[in-house]
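Peer 1: One structure coming up, written as structure tokens, with questions to follow.
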Amino acid sequence: MAISAQAFPHRKRRPSAAAFVSPKLSGINLLQSLLLLTKEISSLKPFEFLFRRNSLSVIRKSKLLAILFEELLRAPMAYYSTSAVLCFEEMFIVLQRIKALIEDCSNGSTSKMWLLVQNNSMANNFHELTLELSTLLDIFPLKEIELSEDVEELVCLVRKQCSETKAFLDPEDEILRLEIVTMLDRIKKEIVPDHSKLSEIFTNLGIRDSSSCREEIESLQEEVQNQNDDKSKSELVALIGIVRYTKCVLFGASTPQPDIIRRQSASEIPVPSDFRCPISLDLMRDPVVVATGQTYDRESIKLWIESGHNTCPKTGQTLAHTELIPNCALKNLIAMWCRDQKIPFETAENKDKPKGLALINKAALEATKMTASFLVNKLSQSQSFEDANGVVYELRALAKTDSESRICVAEAGAVPFLVRYLSPDIGSAQPNLQVNAVTAILNLSILEENKNRIMETEGALNGVVEVLRTGATWEAKGNAAATIFSLSSVHAHRKRLVRKTRVVKGLLELAKTGPESTKRDALAAILNLAGDRDGVFRLVEAGVVDVSVQAIDEGLTEEGVTIIEVVVKRGGLLAIAAAYSAIKKLGSVLRNGSERARESSAATLVTICRKGGAEMVAELVGVAGIERVIWEVMGTGSSRGRRKAATLLRILRRWAAGLDGDLTESYGVNNATNAAATTTTTTIVTSSTTVALTS
């Protein structure tokens, strides 16, 4: 049977010669496949902007070769020699490569700027394929195949046309390429590009509006991921810079269509629990293993260690060393999952790479500075909400790009202008503007030095908190919560944030009432704030335990249990009393939760029972089948989970034996300190049960 176009899947990247192999067909089927292939190439449109003559030439040759294969099929021979079949097979491979080259160059996902910069090599690609076709026509066995005189002359004509001695370089394409190179050199010298020249270049490339600029940027960004050498990546980053600048100055700032925004958002996709960092609860980009065998995202655990901690966040064990071992197997699994979900997977190495590239490629850095300055200046002069929304969205997108862009946007003075659009009035009149403003601040806050700038900007923190409490959309509220999470990674900022009642209440309210994606943002911020020992008391008083129990009921089990674990560990007697109502829920998680949730639940119950005494243990014993559940965790849980379950079982057995006084035995230094600090007996009433706690 003949091979149709559908037999070859759509490709975004230009394949190598090794990508195509002989079709392993013979006789009529092979000729039919060749005829189909030449007709497919003949039906392709020549390029409109670049390599027009090269594309026209190969398409015209394919049309002539189609006549040859039609003639061979009209009066097929009973037998073809081995050399003839081999020639046909090789011709099939070359034609397939020609088709792929034309399709990839004309594909909308291929960057026009990058093709232009690669002008010489692309012309050579066309020339090499044409020479290969010429070689095959040279050895084509014309004498043994019966052809009409006209077709035989046609074959000779194609062979002559294919024997050009050198590649054709279109003078107009080359002039355009040199203009781009010259402009990049001028940008390196901090010379602002001439707008009329930019317009001329982009018009000649067919990039004539904001939408086509956005597509070009996406194509260039994809090309960066597909390149292996730093030189090419550096050139691509520079091209992205100039396209982004041109988009803003020539076509004006604009927001994408709603379907584009939704397609680029991955917040609604549930992330497998094993792929989330136990500290940040976000998708891990660079998972690493610490001395205890637990896995964290490199950025989160590094921040934890640099903050002065020498223990494992999950197990509480002292780290024997602070080396971080890459978890390559998990990283590969996460990358595969991201590809399946069509989520960009930016590894830590890729994250750091653009920084180095931007520094090496001064054109990229200067173009970004020019873009940021232009946008901030335009925002300062914006007269309407519609105009401001477009500019703010561009700043949001630019701040999302990389560290250099965040620096440039912040240094251009964007934060005070963004704060203007966080108010409830803006949210009511232009909800998208409020979303874009708070998200731009969120993107800027990712960079450590920008956190201080945001916290020190007058009205910035209050504006973010206002969006958290009264934002016009759930997206705005969720991004405000994510901003607080980001800012609270700095210890001093965390202390300041957790002292604000509006921050604590806003996060808890969002965690109770928001949709799942915003609940996750709020719970992550709450977990960060719980890292401050003084702040835990404020969270407990505000009802963090009840909110965490609700999160467990709604399927956010790991998030809810982790917060309770941190709260009871740091929150003292008040937290233990509040956790009384969560004991049965934790027992249920111990039975039905994921491995990570069961581990955290066991650790939490150990802390509650040790600190809380007999009443707490009695409540846990009331959970049906709890001892069997504990045995299951001891047999099938993680190493930490098994240890905690064994400790919990010992506590239950001491209680059953009436050894109430030994429950808190060997609890540690904190108990001794608390005992020395006060000798009062505190009576706390929770759920109509009076629990006597001695501190």
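Naming scheme: A, B, ... for chains in displayed order of the structure tokens; residues 1 onward per chain; ligands 1 onward as shown.
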Determine, counting only C-alpha atoms, which protein, DNA and RNA residues have an atom within 8 Å of an atom of Asn327 (chain A); residues of the same chain fewer than 5 positions away are not included. Present the result as a list of chain:residue names.
Peer 2: A:Asp286, A:Pro287, A:Val288, A:Val289, A:Thr295
Peer 1: Which one of A:Ser33, A:Ser211, A:Thr636, A:Asn361 sits closest to Ile187 (chain A) if you count only C-alpha atoms?
Peer 2: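 When distances to Ile187 (chain A) are compared using only C-alpha atoms, the smallest one comes from A:Asn361.
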Peer 1: Within 9 Å of Leu444 (chain A), counting only C-alpha atoms, which residues show up once you throw out same-chain ones fewer than 6 positions away? Write them as a PDB file with C-alpha atoms, in the first residue's frame, please.
Peer 2:
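Now in part.pdb:
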ATOM      1  CA  ARG A 396       2.880  41.203  34.605  1.00  0.00           C
ATOM      2  CA  ALA A 399       7.961  40.167  35.449  1.00  0.00           C
ATOM      3  CA  LYS A 400       7.128  36.506  34.944  1.00  0.00           C
ATOM      4  CA  SER A 403      15.179  37.406  37.326  1.00  0.00           C
ATOM      5  CA  SER A 405      13.196  41.185  33.940  1.00  0.00           C
ATOM      6  CA  ARG A 406      12.012  41.391  37.559  1.00  0.00           C
ATOM      7  CA  ILE A 407      14.993  43.570  38.416  1.00  0.00           C
ATOM      8  CA  VAL A 409      10.667  46.265  36.110  1.00  0.00           C
ATOM      9  CA  ALA A 410      11.227  47.008  39.794  1.00  0.00           C
ATOM     10  CA  VAL A 415       5.581  48.977  42.122  1.00  0.00           C
ATOM     11  CA  ASN A 450      12.167  42.846  45.337  1.00  0.00           C
ATOM     12  CA  LYS A 451      10.477  41.531  48.502  1.00  0.00           C
ATOM     13  CA  ILE A 454       7.498  45.814  47.916  1.00  0.00           C
TER      14      ILE A 454
END
Peer 1: Just want the 10 Å neighbourhood of region 149-155 of chain A, counted on only C-alpha atoms, with same-chain residues fewer than 5 positions away dropped. Output as a PyMOL selection string.
Peer 2: chain A and resi 61+64-65+67-69+71-72+137-138+140+142-143+160-161
Peer 1: Please, could you write that set of residues out with N, CA and C atoms as an mmCIF file, in the first residue's frame?
Peer 2:
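Once written, out-v1.cif looks like this:
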data_model
loop_
_atom_site.group_PDB
_atom_site.id
_atom_site.type_symbol
_atom_site.label_atom_id
_atom_site.label_comp_id
_atom_site.auth_asym_id
_atom_site.auth_seq_id
_atom_site.Cartn_x
_atom_site.Cartn_y
_atom_site.Cartn_z
ATOM 1 N N LYS A 61 10.406 21.554 -8.727
ATOM 2 C CA LYS A 61 11.069 20.279 -9.059
ATOM 3 C C LYS A 61 10.204 19.090 -8.670
ATOM 4 N N LEU A 64 7.618 18.421 -11.288
ATOM 5 C CA LEU A 64 8.172 17.719 -12.454
ATOM 6 C C LEU A 64 8.404 16.241 -12.149
ATOM 7 N N LEU A 65 8.868 15.937 -10.926
ATOM 8 C CA LEU A 65 9.099 14.540 -10.564
ATOM 9 C C LEU A 65 7.788 13.775 -10.458
ATOM 10 N N ILE A 67 5.398 13.988 -12.470
ATOM 11 C CA ILE A 67 5.107 13.514 -13.836
ATOM 12 C C ILE A 67 5.852 12.213 -14.117
ATOM 13 N N LEU A 68 7.113 12.122 -13.623
ATOM 14 C CA LEU A 68 7.902 10.906 -13.797
ATOM 15 C C LEU A 68 7.210 9.707 -13.156
ATOM 16 N N PHE A 69 6.748 9.869 -11.919
ATOM 17 C CA PHE A 69 6.142 8.734 -11.211
ATOM 18 C C PHE A 69 4.769 8.381 -11.783
ATOM 19 N N GLU A 71 4.104 8.557 -14.967
ATOM 20 C CA GLU A 71 4.470 7.788 -16.160
ATOM 21 C C GLU A 71 4.845 6.351 -15.798
ATOM 22 N N LEU A 72 5.593 6.181 -14.703
ATOM 23 C CA LEU A 72 5.999 4.832 -14.283
ATOM 24 C C LEU A 72 4.797 4.013 -13.836
ATOM 25 N N LEU A 137 19.332 11.389 -9.152
ATOM 26 C CA LEU A 137 18.918 11.438 -10.561
ATOM 27 C C LEU A 137 20.074 11.068 -11.486
ATOM 28 N N ASP A 138 21.320 11.337 -11.032
ATOM 29 C CA ASP A 138 22.491 10.937 -11.821
ATOM 30 C C ASP A 138 22.581 9.422 -11.965
ATOM 31 N N PHE A 140 20.022 7.401 -11.581
ATOM 32 C CA PHE A 140 18.720 6.828 -11.946
ATOM 33 C C PHE A 140 18.864 6.008 -13.234
ATOM 34 N N LEU A 142 17.921 5.205 -16.232
ATOM 35 C CA LEU A 142 17.018 5.569 -17.322
ATOM 36 C C LEU A 142 16.963 4.505 -18.413
ATOM 37 N N LYS A 143 18.101 3.855 -18.698
ATOM 38 C CA LYS A 143 18.171 2.917 -19.823
ATOM 39 C C LYS A 143 17.339 1.668 -19.597
ATOM 40 N N LYS A 160 19.590 18.616 -14.250
ATOM 41 C CA LYS A 160 20.423 19.781 -14.541
ATOM 42 C C LYS A 160 20.110 20.914 -13.564
ATOM 43 N N GLN A 161 18.813 21.094 -13.258
ATOM 44 C CA GLN A 161 18.414 22.155 -12.336
ATOM 45 C C GLN A 161 18.926 21.902 -10.915
#
Peer 1: Hey, what's within 12 Å of region 421-433 of chain A if we count only C-alpha atoms and toss same-chain stuff fewer than 2 positions away? As a PyMOL selection string, please?
Peer 2: chain A and resi 254-258+261+379+384-396+414-419+435-441+459-477+479-480
Peer 1: So that I can check the surroundings of region 220-232 of chain A, please list as a list of chain:residue names every protein, DNA and RNA residue that reaches within 8 Å of it, counting only C-alpha atoms and ignoring chain neighbours fewer than 4 positions away.
Peer 2: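 Those residues are A:Thr110, A:Ser111, A:Trp114, A:Glu216, A:Leu236, A:Val237, A:Leu239, A:Ile240, A:Leu357.
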Peer 1: Go ahead and save the residues from that selection, with N, CA and C atoms, as an mmCIF file, in the first residue's frame.
Peer 2:
data_model
loop_
_atom_site.group_PDB
_atom_site.id
_atom_site.type_symbol
_atom_site.label_atom_id
_atom_site.label_comp_id
_atom_site.auth_asym_id
_atom_site.auth_seq_id
_atom_site.Cartn_x
_atom_site.Cartn_y
_atom_site.Cartn_z
ATOM 1 N N THR A 110 7.082 28.121 14.221
ATOM 2 C CA THR A 110 8.510 28.361 14.005
ATOM 3 C C THR A 110 8.787 29.859 13.972
ATOM 4 N N SER A 111 9.795 30.287 14.695
ATOM 5 C CA SER A 111 10.109 31.711 14.790
ATOM 6 C C SER A 111 10.667 32.255 13.477
ATOM 7 N N TRP A 114 14.180 33.828 14.153
ATOM 8 C CA TRP A 114 15.252 32.842 14.265
ATOM 9 C C TRP A 114 15.619 32.296 12.888
ATOM 10 N N GLU A 216 5.328 35.158 18.084
ATOM 11 C CA GLU A 216 6.762 35.125 17.794
ATOM 12 C C GLU A 216 7.573 34.937 19.080
ATOM 13 N N LEU A 236 18.976 33.861 20.994
ATOM 14 C CA LEU A 236 17.520 33.790 21.072
ATOM 15 C C LEU A 236 16.973 34.717 22.148
ATOM 16 N N VAL A 237 17.641 34.778 23.291
ATOM 17 C CA VAL A 237 17.198 35.659 24.367
ATOM 18 C C VAL A 237 17.238 37.117 23.902
ATOM 19 N N LEU A 239 16.854 38.137 20.811
ATOM 20 C CA LEU A 239 15.737 38.314 19.868
ATOM 21 C C LEU A 239 14.411 38.457 20.607
ATOM 22 N N ILE A 240 14.235 37.685 21.685
ATOM 23 C CA ILE A 240 13.017 37.810 22.490
ATOM 24 C C ILE A 240 12.912 39.233 23.034
ATOM 25 N N LEU A 357 22.762 34.254 30.728
ATOM 26 C CA LEU A 357 22.698 34.623 29.316
ATOM 27 C C LEU A 357 22.442 36.112 29.164
#
Peer 1: Identify, with DSSP run on backbone atoms, the residues in region 49-267 of chain A assigned to helix (DSSP H, G or I), and express the list as a VMD selection string.
Peer 2: chain A and resid 52 to 74 82 to 106 112 to 117 119 to 138 149 to 162 171 to 188 195 to 204 210 to 226 230 to 251 258 to 264
